[in-house]
Structure formats: C-alpha cells, structure tokens
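J.: You'll find work_3.cif just under this line, and it carries mmCIF, C-alpha atoms and all ligand atoms.
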```cif
data_protein
loop_
_atom_site.group_PDB
_atom_site.id
_atom_site.type_symbol
_atom_site.label_atom_id
_atom_site.label_comp_id
_atom_site.auth_asym_id
_atom_site.auth_seq_id
_atom_site.Cartn_x
_atom_site.Cartn_y
_atom_site.Cartn_z
ATOM 1 C CA MET G 1166 -47.067 -11.747 30.698
ATOM 2 C CA PRO G 1167 -49.360 -12.462 27.778
ATOM 3 C CA PHE G 1168 -50.333 -9.695 25.347
ATOM 4 C CA ALA G 1169 -53.832 -9.701 26.865
ATOM 5 C CA ASP G 1170 -52.373 -8.106 30.026
ATOM 6 C CA ILE G 1171 -51.120 -5.101 28.093
ATOM 7 C CA LEU G 1172 -53.754 -2.435 28.343
ATOM 8 C CA GLY G 1173 -54.455 0.431 25.998
ATOM 9 C CA HIS G 1174 -52.283 -0.583 23.063
ATOM 10 C CA ASP G 1175 -54.536 -2.946 21.108
ATOM 11 C CA ARG G 1176 -53.441 -1.709 17.695
ATOM 12 C CA ASN G 1177 -49.742 -2.122 18.465
ATOM 13 C CA VAL G 1178 -50.362 -5.548 19.931
ATOM 14 C CA ASP G 1179 -52.269 -6.548 16.780
ATOM 15 C CA VAL G 1180 -49.419 -5.451 14.546
ATOM 16 C CA LEU G 1181 -46.871 -7.364 16.605
ATOM 17 C CA ARG G 1182 -48.934 -10.535 16.854
ATOM 18 C CA ARG G 1183 -49.589 -10.538 13.149
ATOM 19 C CA SER G 1184 -45.874 -10.274 12.421
ATOM 20 C CA LEU G 1185 -45.199 -13.099 14.893
ATOM 21 C CA ARG G 1186 -47.735 -15.331 13.152
ATOM 22 C CA SER G 1187 -46.263 -14.657 9.745
ATOM 23 C CA GLY G 1188 -42.714 -15.011 11.056
ATOM 24 C CA LYS G 1189 -41.951 -11.523 9.801
ATOM 25 C CA THR G 1190 -40.936 -9.565 12.871
ATOM 26 C CA ALA G 1191 -38.522 -6.716 12.207
ATOM 27 C CA HIS G 1192 -34.854 -6.969 13.245
ATOM 28 C CA SER G 1193 -34.989 -3.658 15.028
ATOM 29 C CA TYR G 1194 -37.867 -1.813 16.615
ATOM 30 C CA LEU G 1195 -38.202 1.651 18.010
ATOM 31 C CA PHE G 1196 -40.923 1.899 20.663
ATOM 32 C CA GLU G 1197 -41.766 5.547 21.157
ATOM 33 C CA GLY G 1198 -43.921 6.951 23.968
ATOM 34 C CA VAL G 1199 -43.880 8.397 27.501
ATOM 35 C CA PRO G 1200 -42.014 6.249 30.019
ATOM 36 C CA GLY G 1201 -44.536 4.226 32.004
ATOM 37 C CA SER G 1202 -46.968 3.860 29.110
ATOM 38 C CA GLY G 1203 -46.206 0.165 28.577
ATOM 39 C CA ARG G 1204 -43.342 0.195 26.076
ATOM 40 C CA LYS G 1205 -41.020 -2.009 28.075
ATOM 41 C CA LYS G 1206 -43.745 -4.481 29.038
ATOM 42 C CA THR G 1207 -44.708 -4.795 25.394
ATOM 43 C CA ALA G 1208 -41.055 -5.238 24.392
ATOM 44 C CA LEU G 1209 -40.617 -8.024 26.928
ATOM 45 C CA THR G 1210 -43.828 -9.719 25.845
ATOM 46 C CA LEU G 1211 -42.721 -9.572 22.222
ATOM 47 C CA ILE G 1212 -39.443 -11.264 23.177
ATOM 48 C CA GLN G 1213 -41.317 -13.731 25.358
ATOM 49 C CA ALA G 1214 -43.598 -14.666 22.462
ATOM 50 C CA LEU G 1215 -40.599 -15.079 20.133
ATOM 51 C CA PHE G 1216 -38.876 -17.368 22.644
ATOM 52 C CA CYS G 1217 -42.024 -19.202 23.813
ATOM 53 C CA THR G 1218 -41.827 -22.940 23.221
ATOM 54 C CA THR G 1219 -45.609 -23.386 23.236
ATOM 55 C CA LEU G 1220 -47.282 -20.506 21.425
ATOM 56 C CA GLN G 1221 -46.383 -18.780 18.219
ATOM 57 C CA ASP G 1222 -47.869 -15.320 18.662
ATOM 58 C CA ASP G 1223 -48.094 -14.892 22.427
ATOM 59 C CA ALA G 1224 -46.391 -15.726 25.713
ATOM 60 C CA CYS G 1225 -47.875 -18.852 27.311
ATOM 61 C CA GLY G 1226 -46.516 -17.798 30.701
ATOM 62 C CA VAL G 1227 -45.820 -21.376 31.837
ATOM 63 C CA CYS G 1228 -43.031 -22.802 29.653
ATOM 64 C CA PRO G 1229 -39.517 -22.545 31.191
ATOM 65 C CA SER G 1230 -38.600 -19.738 28.793
ATOM 66 C CA CYS G 1231 -41.672 -17.631 29.616
ATOM 67 C CA ARG G 1232 -41.172 -18.190 33.322
ATOM 68 C CA ARG G 1233 -37.539 -17.201 33.191
ATOM 69 C CA ILE G 1234 -38.393 -13.968 31.421
ATOM 70 C CA ASP G 1235 -41.137 -13.197 33.956
ATOM 71 C CA ALA G 1236 -38.563 -13.728 36.696
ATOM 72 C CA GLY G 1237 -36.174 -11.333 34.930
ATOM 73 C CA ASN G 1238 -33.315 -13.801 34.510
ATOM 74 C CA HIS G 1239 -33.254 -15.074 30.963
ATOM 75 C CA PRO G 1240 -29.614 -15.357 29.828
ATOM 76 C CA ASP G 1241 -30.358 -14.379 26.217
ATOM 77 C CA ILE G 1242 -31.976 -11.026 27.009
ATOM 78 C CA HIS G 1243 -29.713 -8.018 27.428
ATOM 79 C CA VAL G 1244 -31.084 -4.768 28.802
ATOM 80 C CA ILE G 1245 -28.831 -1.778 28.252
ATOM 81 C CA GLU G 1246 -29.403 1.263 30.459
ATOM 82 C CA PRO G 1247 -27.150 4.112 31.602
ATOM 83 C CA LEU G 1248 -24.851 2.791 34.368
ATOM 84 C CA PRO G 1249 -25.534 4.114 37.881
ATOM 85 C CA ASP G 1250 -24.409 7.758 38.203
ATOM 86 C CA LYS G 1251 -23.924 8.036 34.447
ATOM 87 C CA ARG G 1252 -26.103 10.146 32.223
ATOM 88 C CA ASP G 1253 -25.357 8.439 28.963
ATOM 89 C CA ILE G 1254 -25.169 4.959 27.543
ATOM 90 C CA SER G 1255 -21.517 4.679 26.548
ATOM 91 C CA ILE G 1256 -19.871 3.227 23.496
ATOM 92 C CA GLU G 1257 -18.165 0.658 25.773
ATOM 93 C CA GLN G 1258 -21.564 -0.638 26.842
ATOM 94 C CA LEU G 1259 -22.602 -1.023 23.219
ATOM 95 C CA ARG G 1260 -19.336 -2.741 22.303
ATOM 96 C CA GLU G 1261 -19.939 -5.222 25.070
ATOM 97 C CA LEU G 1262 -23.492 -5.727 23.858
ATOM 98 C CA GLN G 1263 -22.303 -6.384 20.310
ATOM 99 C CA GLN G 1264 -19.806 -8.877 21.673
ATOM 100 C CA GLN G 1265 -22.622 -10.637 23.572
ATOM 101 C CA LEU G 1266 -24.931 -10.673 20.567
ATOM 102 C CA SER G 1267 -22.241 -12.292 18.457
ATOM 103 C CA LEU G 1268 -22.159 -15.331 20.779
ATOM 104 C CA ARG G 1269 -24.505 -18.264 20.356
ATOM 105 C CA PRO G 1270 -27.674 -17.976 22.414
ATOM 106 C CA TYR G 1271 -27.718 -20.127 25.559
ATOM 107 C CA GLU G 1272 -31.194 -21.524 25.151
ATOM 108 C CA ALA G 1273 -33.405 -19.228 23.091
ATOM 109 C CA PRO G 1274 -33.586 -19.445 19.298
ATOM 110 C CA ARG G 1275 -31.894 -16.038 19.145
ATOM 111 C CA LYS G 1276 -30.749 -13.249 21.430
ATOM 112 C CA ALA G 1277 -32.668 -10.074 22.201
ATOM 113 C CA CYS G 1278 -31.820 -6.711 23.665
ATOM 114 C CA ILE G 1279 -33.625 -3.648 24.915
ATOM 115 C CA ILE G 1280 -31.894 -0.260 24.938
ATOM 116 C CA ASP G 1281 -33.585 2.098 27.360
ATOM 117 C CA PRO G 1282 -33.688 5.038 26.904
ATOM 118 C CA ALA G 1283 -32.212 5.046 23.419
ATOM 119 C CA GLU G 1284 -31.906 8.843 23.329
ATOM 120 C CA ARG G 1285 -29.241 8.580 26.032
ATOM 121 C CA MET G 1286 -26.828 6.799 23.737
ATOM 122 C CA SER G 1287 -23.857 9.064 23.118
ATOM 123 C CA VAL G 1288 -23.394 9.979 19.451
ATOM 124 C CA ASN G 1289 -20.431 7.607 19.240
ATOM 125 C CA ALA G 1290 -22.450 4.842 20.839
ATOM 126 C CA ALA G 1291 -25.366 5.419 18.473
ATOM 127 C CA ASN G 1292 -23.069 5.430 15.458
ATOM 128 C CA SER G 1293 -21.483 2.197 16.567
ATOM 129 C CA LEU G 1294 -24.933 0.615 16.643
ATOM 130 C CA LEU G 1295 -25.868 1.381 13.038
ATOM 131 C CA LYS G 1296 -24.385 -1.731 11.510
ATOM 132 C CA THR G 1297 -25.859 -3.912 14.261
ATOM 133 C CA LEU G 1298 -29.308 -2.442 13.630
ATOM 134 C CA GLU G 1299 -29.063 -3.238 9.966
ATOM 135 C CA GLU G 1300 -27.715 -6.749 10.298
ATOM 136 C CA PRO G 1301 -28.006 -7.927 13.872
ATOM 137 C CA PRO G 1302 -25.511 -10.713 14.559
ATOM 138 C CA GLY G 1303 -27.166 -14.101 14.960
ATOM 139 C CA ASN G 1304 -30.507 -12.646 13.905
ATOM 140 C CA ALA G 1305 -30.802 -10.895 17.268
ATOM 141 C CA LEU G 1306 -33.856 -8.782 17.989
ATOM 142 C CA ILE G 1307 -33.126 -5.208 19.015
ATOM 143 C CA ILE G 1308 -35.723 -2.968 20.631
ATOM 144 C CA LEU G 1309 -34.978 0.674 21.347
ATOM 145 C CA LEU G 1310 -37.212 2.549 23.771
ATOM 146 C CA THR G 1311 -37.465 6.306 23.490
ATOM 147 C CA GLU G 1312 -39.635 9.103 24.735
ATOM 148 C CA ASN G 1313 -39.183 11.012 21.518
ATOM 149 C CA ALA G 1314 -37.871 9.512 18.290
ATOM 150 C CA GLY G 1315 -36.878 13.021 17.168
ATOM 151 C CA MET G 1316 -34.056 12.935 19.700
ATOM 152 C CA LEU G 1317 -32.372 10.042 17.906
ATOM 153 C CA LEU G 1318 -30.053 10.211 14.919
ATOM 154 C CA SER G 1319 -32.078 9.895 11.741
ATOM 155 C CA THR G 1320 -29.729 7.086 10.695
ATOM 156 C CA VAL G 1321 -30.817 5.135 13.792
ATOM 157 C CA ARG G 1322 -34.517 5.899 13.257
ATOM 158 C CA SER G 1323 -34.506 4.867 9.628
ATOM 159 C CA ARG G 1324 -33.097 1.436 10.483
ATOM 160 C CA CYS G 1325 -35.930 0.583 12.871
ATOM 161 C CA GLN G 1326 -39.629 -0.091 12.604
ATOM 162 C CA THR G 1327 -41.225 2.607 14.768
ATOM 163 C CA ILE G 1328 -44.233 1.796 16.930
ATOM 164 C CA THR G 1329 -45.851 4.659 18.834
ATOM 165 C CA PHE G 1330 -47.351 4.189 22.285
ATOM 166 C CA ALA G 1331 -50.013 6.709 23.295
ATOM 167 C CA PRO G 1332 -50.235 7.731 26.972
ATOM 168 C CA LEU G 1333 -52.595 5.434 28.892
ATOM 169 C CA SER G 1334 -56.148 6.641 29.398
ATOM 170 C CA PRO G 1335 -57.236 7.408 33.003
ATOM 171 C CA GLU G 1336 -59.481 4.306 32.915
ATOM 172 C CA HIS G 1337 -56.602 2.046 31.932
ATOM 173 C CA MET G 1338 -54.389 3.715 34.530
ATOM 174 C CA LEU G 1339 -56.989 3.034 37.190
ATOM 175 C CA THR G 1340 -57.162 -0.652 36.286
ATOM 176 C CA LEU G 1341 -53.385 -1.034 36.182
ATOM 177 C CA LEU G 1342 -52.810 0.789 39.478
ATOM 178 C CA GLU G 1343 -55.364 -1.376 41.243
ATOM 179 C CA ARG G 1344 -53.817 -4.475 39.696
ATOM 180 C CA ASN G 1345 -50.540 -3.227 41.137
ATOM 181 C CA GLY G 1346 -52.079 -3.362 44.596
ATOM 182 C CA MET G 1347 -52.816 0.335 45.050
ATOM 183 C CA ALA G 1348 -55.880 1.128 47.198
ATOM 184 C CA PRO G 1349 -58.852 2.069 44.972
ATOM 185 C CA GLU G 1350 -59.201 5.559 46.530
ATOM 186 C CA THR G 1351 -55.527 6.360 45.932
ATOM 187 C CA ALA G 1352 -55.678 4.954 42.398
ATOM 188 C CA ALA G 1353 -58.778 7.046 41.612
ATOM 189 C CA LEU G 1354 -56.967 10.144 42.852
ATOM 190 C CA LEU G 1355 -53.716 9.525 40.988
ATOM 191 C CA ALA G 1356 -54.954 8.083 37.676
ATOM 192 C CA PRO G 1357 -56.108 11.409 36.181
ATOM 193 C CA MET G 1358 -52.993 13.246 37.458
ATOM 194 C CA SER G 1359 -50.445 10.883 35.984
ATOM 195 C CA GLY G 1360 -50.419 11.916 32.330
ATOM 196 C CA GLY G 1361 -50.966 8.321 31.238
ATOM 197 C CA SER G 1362 -47.713 7.114 32.815
ATOM 198 C CA MET G 1363 -47.507 4.384 35.459
ATOM 199 C CA GLN G 1364 -44.080 5.674 36.397
ATOM 200 C CA LYS G 1365 -45.473 9.128 37.107
ATOM 201 C CA ALA G 1366 -48.386 7.668 39.108
ATOM 202 C CA LEU G 1367 -45.993 5.706 41.319
ATOM 203 C CA GLU G 1368 -43.862 8.809 41.868
ATOM 204 C CA LEU G 1369 -46.955 10.767 42.868
ATOM 205 C CA ASP G 1370 -47.889 7.936 45.215
ATOM 206 C CA ASN G 1371 -44.490 8.256 46.888
ATOM 207 C CA GLU G 1372 -45.082 11.961 47.337
ATOM 208 C CA SER G 1373 -48.469 11.392 48.945
ATOM 209 C CA LEU G 1374 -46.885 8.778 51.211
ATOM 210 C CA THR G 1375 -44.268 11.328 52.229
ATOM 211 C CA LEU G 1376 -46.998 13.822 53.096
ATOM 212 C CA ARG G 1377 -48.817 11.178 55.134
ATOM 213 C CA ARG G 1378 -45.607 10.403 57.044
ATOM 214 C CA GLN G 1379 -45.182 14.075 57.860
ATOM 215 C CA GLU G 1380 -48.759 14.288 59.017
ATOM 216 C CA VAL G 1381 -48.413 11.278 61.326
ATOM 217 C CA LEU G 1382 -45.164 12.577 62.803
ATOM 218 C CA THR G 1383 -46.655 16.005 63.420
ATOM 219 C CA ARG G 1384 -49.661 14.513 65.163
ATOM 220 C CA ILE G 1385 -47.691 12.257 67.442
ATOM 221 C CA ALA G 1386 -45.348 15.096 68.317
ATOM 222 C CA GLN G 1387 -48.318 17.215 69.399
ATOM 223 C CA MET G 1388 -49.826 14.563 71.664
ATOM 224 C CA ASN G 1389 -49.650 15.542 75.304
ATOM 225 C CA ILE G 1390 -50.835 13.419 78.202
ATOM 226 C CA HIS G 1391 -51.700 16.563 80.186
ATOM 227 C CA ARG G 1392 -54.094 17.576 77.447
ATOM 228 C CA ILE G 1393 -55.688 14.236 76.885
ATOM 229 C CA SER G 1394 -57.906 15.589 74.117
ATOM 230 C CA THR G 1395 -54.844 15.827 71.864
ATOM 231 C CA VAL G 1396 -54.379 12.094 72.264
ATOM 232 C CA PHE G 1397 -57.938 11.222 71.344
ATOM 233 C CA ASP G 1398 -58.016 13.745 68.521
ATOM 234 C CA ALA G 1399 -54.915 12.216 66.993
ATOM 235 C CA SER G 1400 -56.317 8.738 67.390
ATOM 236 C CA GLU G 1401 -59.595 9.804 65.831
ATOM 237 C CA GLU G 1402 -57.892 11.502 62.944
ATOM 238 C CA LEU G 1403 -55.321 8.837 62.163
ATOM 239 C CA SER G 1404 -57.382 5.707 62.631
ATOM 240 C CA GLY G 1405 -59.530 4.660 59.732
ATOM 241 C CA ASN G 1406 -60.728 1.350 58.515
ATOM 242 C CA ARG G 1407 -58.669 -1.649 59.547
ATOM 243 C CA ASP G 1408 -56.319 -1.425 56.567
ATOM 244 C CA ALA G 1409 -55.632 2.259 57.149
ATOM 245 C CA THR G 1410 -54.943 1.571 60.823
ATOM 246 C CA LEU G 1411 -52.558 -1.263 59.984
ATOM 247 C CA GLU G 1412 -50.788 1.033 57.542
ATOM 248 C CA LEU G 1413 -50.482 3.665 60.265
ATOM 249 C CA LEU G 1414 -49.088 1.097 62.689
ATOM 250 C CA ASP G 1415 -46.539 -0.043 60.103
ATOM 251 C CA MET G 1416 -45.475 3.567 59.751
ATOM 252 C CA LEU G 1417 -45.122 3.942 63.534
ATOM 253 C CA LEU G 1418 -43.148 0.693 63.706
ATOM 254 C CA SER G 1419 -40.797 1.996 61.083
ATOM 255 C CA PHE G 1420 -40.368 5.345 62.940
ATOM 256 C CA PHE G 1421 -39.728 3.725 66.305
ATOM 257 C CA ARG G 1422 -37.388 1.120 64.880
ATOM 258 C CA ASP G 1423 -35.386 4.031 63.476
ATOM 259 C CA ALA G 1424 -35.558 5.886 66.796
ATOM 260 C CA VAL G 1425 -34.264 2.789 68.594
ATOM 261 C CA HIS G 1426 -31.464 2.499 66.035
ATOM 262 C CA LEU G 1427 -30.487 6.110 66.665
ATOM 263 C CA GLY G 1428 -30.700 5.543 70.426
ATOM 264 C CA ALA G 1429 -28.333 2.613 70.072
ATOM 265 C CA GLY G 1430 -25.845 4.863 68.298
ATOM 266 C CA ASN G 1431 -26.529 3.480 64.844
ATOM 267 C CA GLY G 1432 -26.964 6.418 62.477
ATOM 268 C CA ASP G 1433 -28.221 4.424 59.521
ATOM 269 C CA ILE G 1434 -32.007 4.811 59.384
ATOM 270 C CA VAL G 1435 -34.754 4.041 56.895
ATOM 271 C CA ASN G 1436 -36.805 7.247 57.201
ATOM 272 C CA ARG G 1437 -34.035 9.576 56.145
ATOM 273 C CA SER G 1438 -36.409 12.125 54.626
ATOM 274 C CA VAL G 1439 -37.872 12.854 58.076
ATOM 275 C CA ARG G 1440 -34.691 12.426 60.071
ATOM 276 C CA PRO G 1441 -35.112 15.468 62.379
ATOM 277 C CA ALA G 1442 -38.503 14.174 63.537
ATOM 278 C CA ILE G 1443 -37.036 10.703 64.191
ATOM 279 C CA GLU G 1444 -34.202 12.314 66.151
ATOM 280 C CA SER G 1445 -36.697 14.125 68.312
ATOM 281 C CA ILE G 1446 -38.570 10.859 68.990
ATOM 282 C CA ALA G 1447 -35.267 9.248 69.954
ATOM 283 C CA ALA G 1448 -34.377 12.139 72.245
ATOM 284 C CA LYS G 1449 -37.775 12.404 73.891
ATOM 285 C CA ARG G 1450 -37.459 9.175 75.884
ATOM 286 C CA SER G 1451 -34.806 6.936 77.269
ATOM 287 C CA PHE G 1452 -33.569 4.093 75.079
ATOM 288 C CA PRO G 1453 -35.405 1.400 77.138
ATOM 289 C CA ALA G 1454 -38.628 3.443 77.001
ATOM 290 C CA ASN G 1455 -38.450 3.615 73.191
ATOM 291 C CA LEU G 1456 -37.764 -0.118 73.034
ATOM 292 C CA GLU G 1457 -40.806 -0.713 75.198
ATOM 293 C CA LEU G 1458 -42.938 1.465 72.949
ATOM 294 C CA LEU G 1459 -41.706 -0.394 69.915
ATOM 295 C CA GLU G 1460 -42.849 -3.645 71.522
ATOM 296 C CA ARG G 1461 -46.134 -1.962 72.387
ATOM 297 C CA ILE G 1462 -46.714 -0.952 68.762
ATOM 298 C CA TYR G 1463 -46.025 -4.543 67.670
ATOM 299 C CA GLU G 1464 -48.630 -5.769 70.158
ATOM 300 C CA THR G 1465 -51.182 -3.231 68.996
ATOM 301 C CA ARG G 1466 -50.597 -4.282 65.422
ATOM 302 C CA ARG G 1467 -51.141 -7.905 66.316
ATOM 303 C CA ASP G 1468 -54.354 -6.994 68.165
ATOM 304 C CA VAL G 1469 -55.744 -4.943 65.273
ATOM 305 C CA GLN G 1470 -54.861 -7.734 62.892
ATOM 306 C CA ARG G 1471 -56.832 -10.100 65.080
ATOM 307 C CA ASN G 1472 -59.838 -7.822 64.718
ATOM 308 C CA ALA G 1473 -59.538 -5.812 67.904
ATOM 309 C CA ASN G 1474 -61.401 -2.492 67.864
ATOM 310 C CA SER G 1475 -58.971 -0.282 65.916
ATOM 311 C CA LYS G 1476 -59.946 3.002 67.532
ATOM 312 C CA LEU G 1477 -59.735 1.609 71.074
ATOM 313 C CA ALA G 1478 -56.409 -0.056 70.394
ATOM 314 C CA LEU G 1479 -55.010 3.227 69.046
ATOM 315 C CA ASP G 1480 -56.374 5.193 72.024
ATOM 316 C CA HIS G 1481 -54.389 2.942 74.357
ATOM 317 C CA LEU G 1482 -51.269 3.043 72.242
ATOM 318 C CA PHE G 1483 -51.391 6.813 71.859
ATOM 319 C CA MET G 1484 -51.790 7.287 75.617
ATOM 320 C CA ALA G 1485 -48.620 5.287 76.028
ATOM 321 C CA LEU G 1486 -46.930 7.366 73.317
ATOM 322 C CA ALA G 1487 -47.983 10.653 74.914
ATOM 323 C CA GLY G 1488 -47.345 9.492 78.461
ATOM 324 C CA ASN G 1489 -43.914 8.192 79.197
ATOM 325 C CA SER G 1490 -41.724 10.968 77.928
ATOM 326 C CA ARG G 1491 -38.828 11.977 80.107
HETATM 327 ZN ZN ZN V 1 -44.148 -19.895 26.841
#
```
Would it be possible to restate this file's structure as structure tokens?

T.:
Amino acid sequence: MPFADILGHDRNVDVLRRSLRSGKTAHSYLFEGVPGSGRKKTALTLIQALFCTTLQDDACGVCPSCRRIDAGNHPDIHVIEPLPDKRDISIEQLRELQQQLSLRPYEAPRKACIIDPAERMSVNAANSLLKTLEEPPGNALIILLTENAGMLLSTVRSRCQTITFAPLSPEHMLTLLERNGMAPETAALLAPMSGGSMQKALELDNESLTLRRQEVLTRIAQMNIHRISTVFDASEELSGNRDATLELLDMLLSFFRDAVHLGAGNGDIVNRSVRPAIESIAAKRSFPANLELLERIYETRRDVQRNANSKLALDHLFMALAGNSR
C-alpha cells in the first residue's frame, strides 16, 4: 500500500520518505507504539518503497515487487514472530534469520526483516542480534516493532533509529474501520473505545459479535409455537434492515450447520463458544428435521437476498423453527 493509505502518522511518513529520496535510510529501525497503531503497515510500506522498481520514495502498488509484498509472499522479506505456543523469540530463530540475511537476495536489491514484537526476544537472542543491527549482512534492512522501547536492551535501542507511533485518533480509527468493511454504526461505537489500536477495535468487535450470537440463540430457544407472540416478537427484534437480516440468517445457517454436524455424530463444530446451545438445538429435533430447517434457512436467505420482505420472510422461518420440535 502506498504511504498515502497510512493514516495518522504524517510526520513519520515524511521522515521516511525524505530518507528514501536521499538514499539515506537507516540500517535498523525501531518502530515504537501500541500494537494496531500502524507500525507494521508502515514497516511494510517502507520495505515496499525500497524494493519498488518504479518509484523512489513510495510504493507504486502495481510493479511485480509491490504486488508480491501486498500478497504477503515476497521471498526477500522475513518476518520473525514468536513461534506458535512460544512466548519468546528464540536465539535459534535469530540464528536462522542471520543465515537467511547472509544469502543473496532472490529478486530485491537487498533483504529486509521485521521482528515483532522485539521485546519478546530472549536476552540471548537480543544479544546475538547486536552485530547484525550494526552491520546488517548484505545491507539488509531491519525493523524492530515494540510496544515500549524501554523493554529492550539499551544496546539494541542505541543501534536503531527510533520512530514513535502515537495511538490513532478516534476519527482515523473510524475511517480505517469503515475501510476494513465494518458497518458504520459498529465502527462509530468501537472507534472511541479502542485506545487508538485497530487490533483492539477488532477484538472488541469479536466480543460484540459473541454477545449478538448469544442473544440470537436465546431468542430462538424461547420461541414457542403455542405462544405465537414469542415468534413474532423474536422476528421483530432480530430483523432489521436487509443487511442485518442477512447477517442474522448467516448466523442461523452457521448454528444449524453445526447442529446437523452434531446430529450426524461429528463433534467438530464452528461455534464452539456456544456449544451447549448448539447441542440443545441438535437435541430438540430429529436429524432429518434439522436438515430440513437448514434447507429452509438457505431458502429464506435466498429470498431476502432477492428483495423479499425481510420481516415476513423471518416470520415464516421462525414459525418453522418454533413449530416442528419433537
Ligand atoms: Zn512498485
């Protein structure tokens, strides 16, 4: 992505572009700031601009090198993170990195690496990096990401050019969340709560999705064909505009697919966080009845997508959901 897509860090971007134009980028950078504030995006754009075959101080986004980096598969970029289930970045990982950096680049003018988060390097690992930071083999570019530079060895800090990333403002968060495809209402709700971190905003979004799932499951569990008002109340409450209704139907599809899986004796389900509720859906009806409902939900989704009246379509579906229990 070009530098213009990085929001909220104009000063940092200026500094980096100026150094690109003068050909005086540092060997080693330390990008400090809260995770989710744009450090990694900026690091990747810096590398992209360095590798770009068209522009000198930005990523063109269309040359093969830029495209490969956007796709996350450039062979000359190494991203070092703690291995799964490990807390720290080990000295073995850094040895391997140093080995890689000492090889000739495949296609870029030089190699680049991102170490994230740098404060998770073990002391041995960090010490082993000192020489590399000072004189990177093959003129490699090294970018360390950290939440707090104070957590790094001073010998590491002093060998890097530090650039500080402030948390994103709520306005920038709002723009970025919407660009990410989040509904404007959700983005407006989450932007001020996220502490200027996209990562945090996305975590909060997951939490609100979990709450919504619970709410939907509770409502459908309460529906009772003998008290028809519960059916219409649920339909009223859960239907919204067309998008909200489609989202609800996707949720129901996912629940009933899981229930059918359980009914077929397959214990591996998607909605693990609400497993007891899925088990009760599976147990409420026979296996064929749940299959039929699943088909019914698919049909309703198709109808709503083709502009059927959302509320009416849900009324019918919910009557079916409340009706044929065993
Ligand atoms: Zn390019």

J.: Could you report the residues within 8 Å of ligand ZN 1 (chain V), using only C-alpha atoms and all ligand atoms, as a VMD selection string?

T.: chain G and resid 1213 to 1214 1216 to 1220 1223 to 1232

J.: Figure out the distance between atom CA of G:Val1244 and atom CA of G:Gly1188, please, to one decimal in Å.

T.: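 Here the two named atoms are 23.6 Å from each other.
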
J.: Which residue gives the smallest distance to G:Lys1449 among G:Cys1325, G:Ala1386, G:Met1416, G:Ile1462, with all atoms listed in the file counted?

T.: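 Closest residue, counting all atoms listed in the file: G:Ala1386.
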
J.: Run the PyMOL selection byres (((chain G and resi 1469-1485) around 8) and not hetatm) against the file shown and list the residues it catches, as a list in words.

T.: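 Checking the PyMOL selection byres (((chain G and resi 1469-1485) around 8) and not hetatm) against this file, the residues are Ile1385, Met1388, Ile1390, Val1396, Phe1397, Ser1400, Glu1401, Ser1404, Gly1405, Asn1406, Arg1407, Thr1410, Leu1411, Leu1458, Arg1461, Ile1462, Thr1465, Arg1466, Arg1467, Asp1468, Leu1486, Ala1487, Gly1488 and Asn1489 of chain G.
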
J.: Apply the PyMOL selection byres (((chain G and resi 1259) around 9) and not hetatm) to the displayed file and report the matching residues as an MDAnalysis selection string.

T.: chainID G and resid 1245 1254:1258 1260:1264 1286 1290:1291 1293:1294

J.: What is the atom CA of G:Leu1298-atom CA of G:His1192 distance in Å, reported with one decimal?

T.: 7.2 Å

J.: Name every residue that the PyMOL selection byres (((chain G and resi 1439) around 9) and not hetatm) selects in this structure, writing the answer as a list in words with chains first and numbers rising.

T.: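 For this structure, the PyMOL selection byres (((chain G and resi 1439) around 9) and not hetatm) resolves to Thr1375, Arg1378, Gln1379, Leu1382, Asn1436, Arg1437, Ser1438, Arg1440, Pro1441, Ala1442, Ile1443 and Glu1444 of chain G.
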
J.: Tell me, as an MDAnalysis selection string, which residues lie within 9 Å of G:Tyr1194, counting only C-alpha atoms; anything in the same chain fewer than 6 positions away does not count.

T.: chainID G and resid 1306:1310 1324:1328

J.: Can I get the selection written as a PDB file, keeping the file's coordinate frame, with C-alpha atoms?

T.:
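Result file is out14.pdb:
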```
ATOM      1  CA  LEU G1306     -33.856  -8.782  17.989  1.00  0.00           C
ATOM      2  CA  ILE G1307     -33.126  -5.208  19.015  1.00  0.00           C
ATOM      3  CA  ILE G1308     -35.723  -2.968  20.631  1.00  0.00           C
ATOM      4  CA  LEU G1309     -34.978   0.674  21.347  1.00  0.00           C
ATOM      5  CA  LEU G1310     -37.212   2.549  23.771  1.00  0.00           C
ATOM      6  CA  ARG G1324     -33.097   1.436  10.483  1.00  0.00           C
ATOM      7  CA  CYS G1325     -35.930   0.583  12.871  1.00  0.00           C
ATOM      8  CA  GLN G1326     -39.629  -0.091  12.604  1.00  0.00           C
ATOM      9  CA  THR G1327     -41.225   2.607  14.768  1.00  0.00           C
ATOM     10  CA  ILE G1328     -44.233   1.796  16.930  1.00  0.00           C
TER      11      ILE G1328
END
```

J.: With a distance cut-off of 9 Å and only C-alpha atoms, select the neighbouring residues of G:Asn1455, excluding the residue or stretch itself and same-chain residues fewer than 3 positions from it, and output the selection as a PyMOL selection string.

T.: chain G and resi 1421-1422+1424-1425+1428+1446-1447+1449-1452+1458-1460
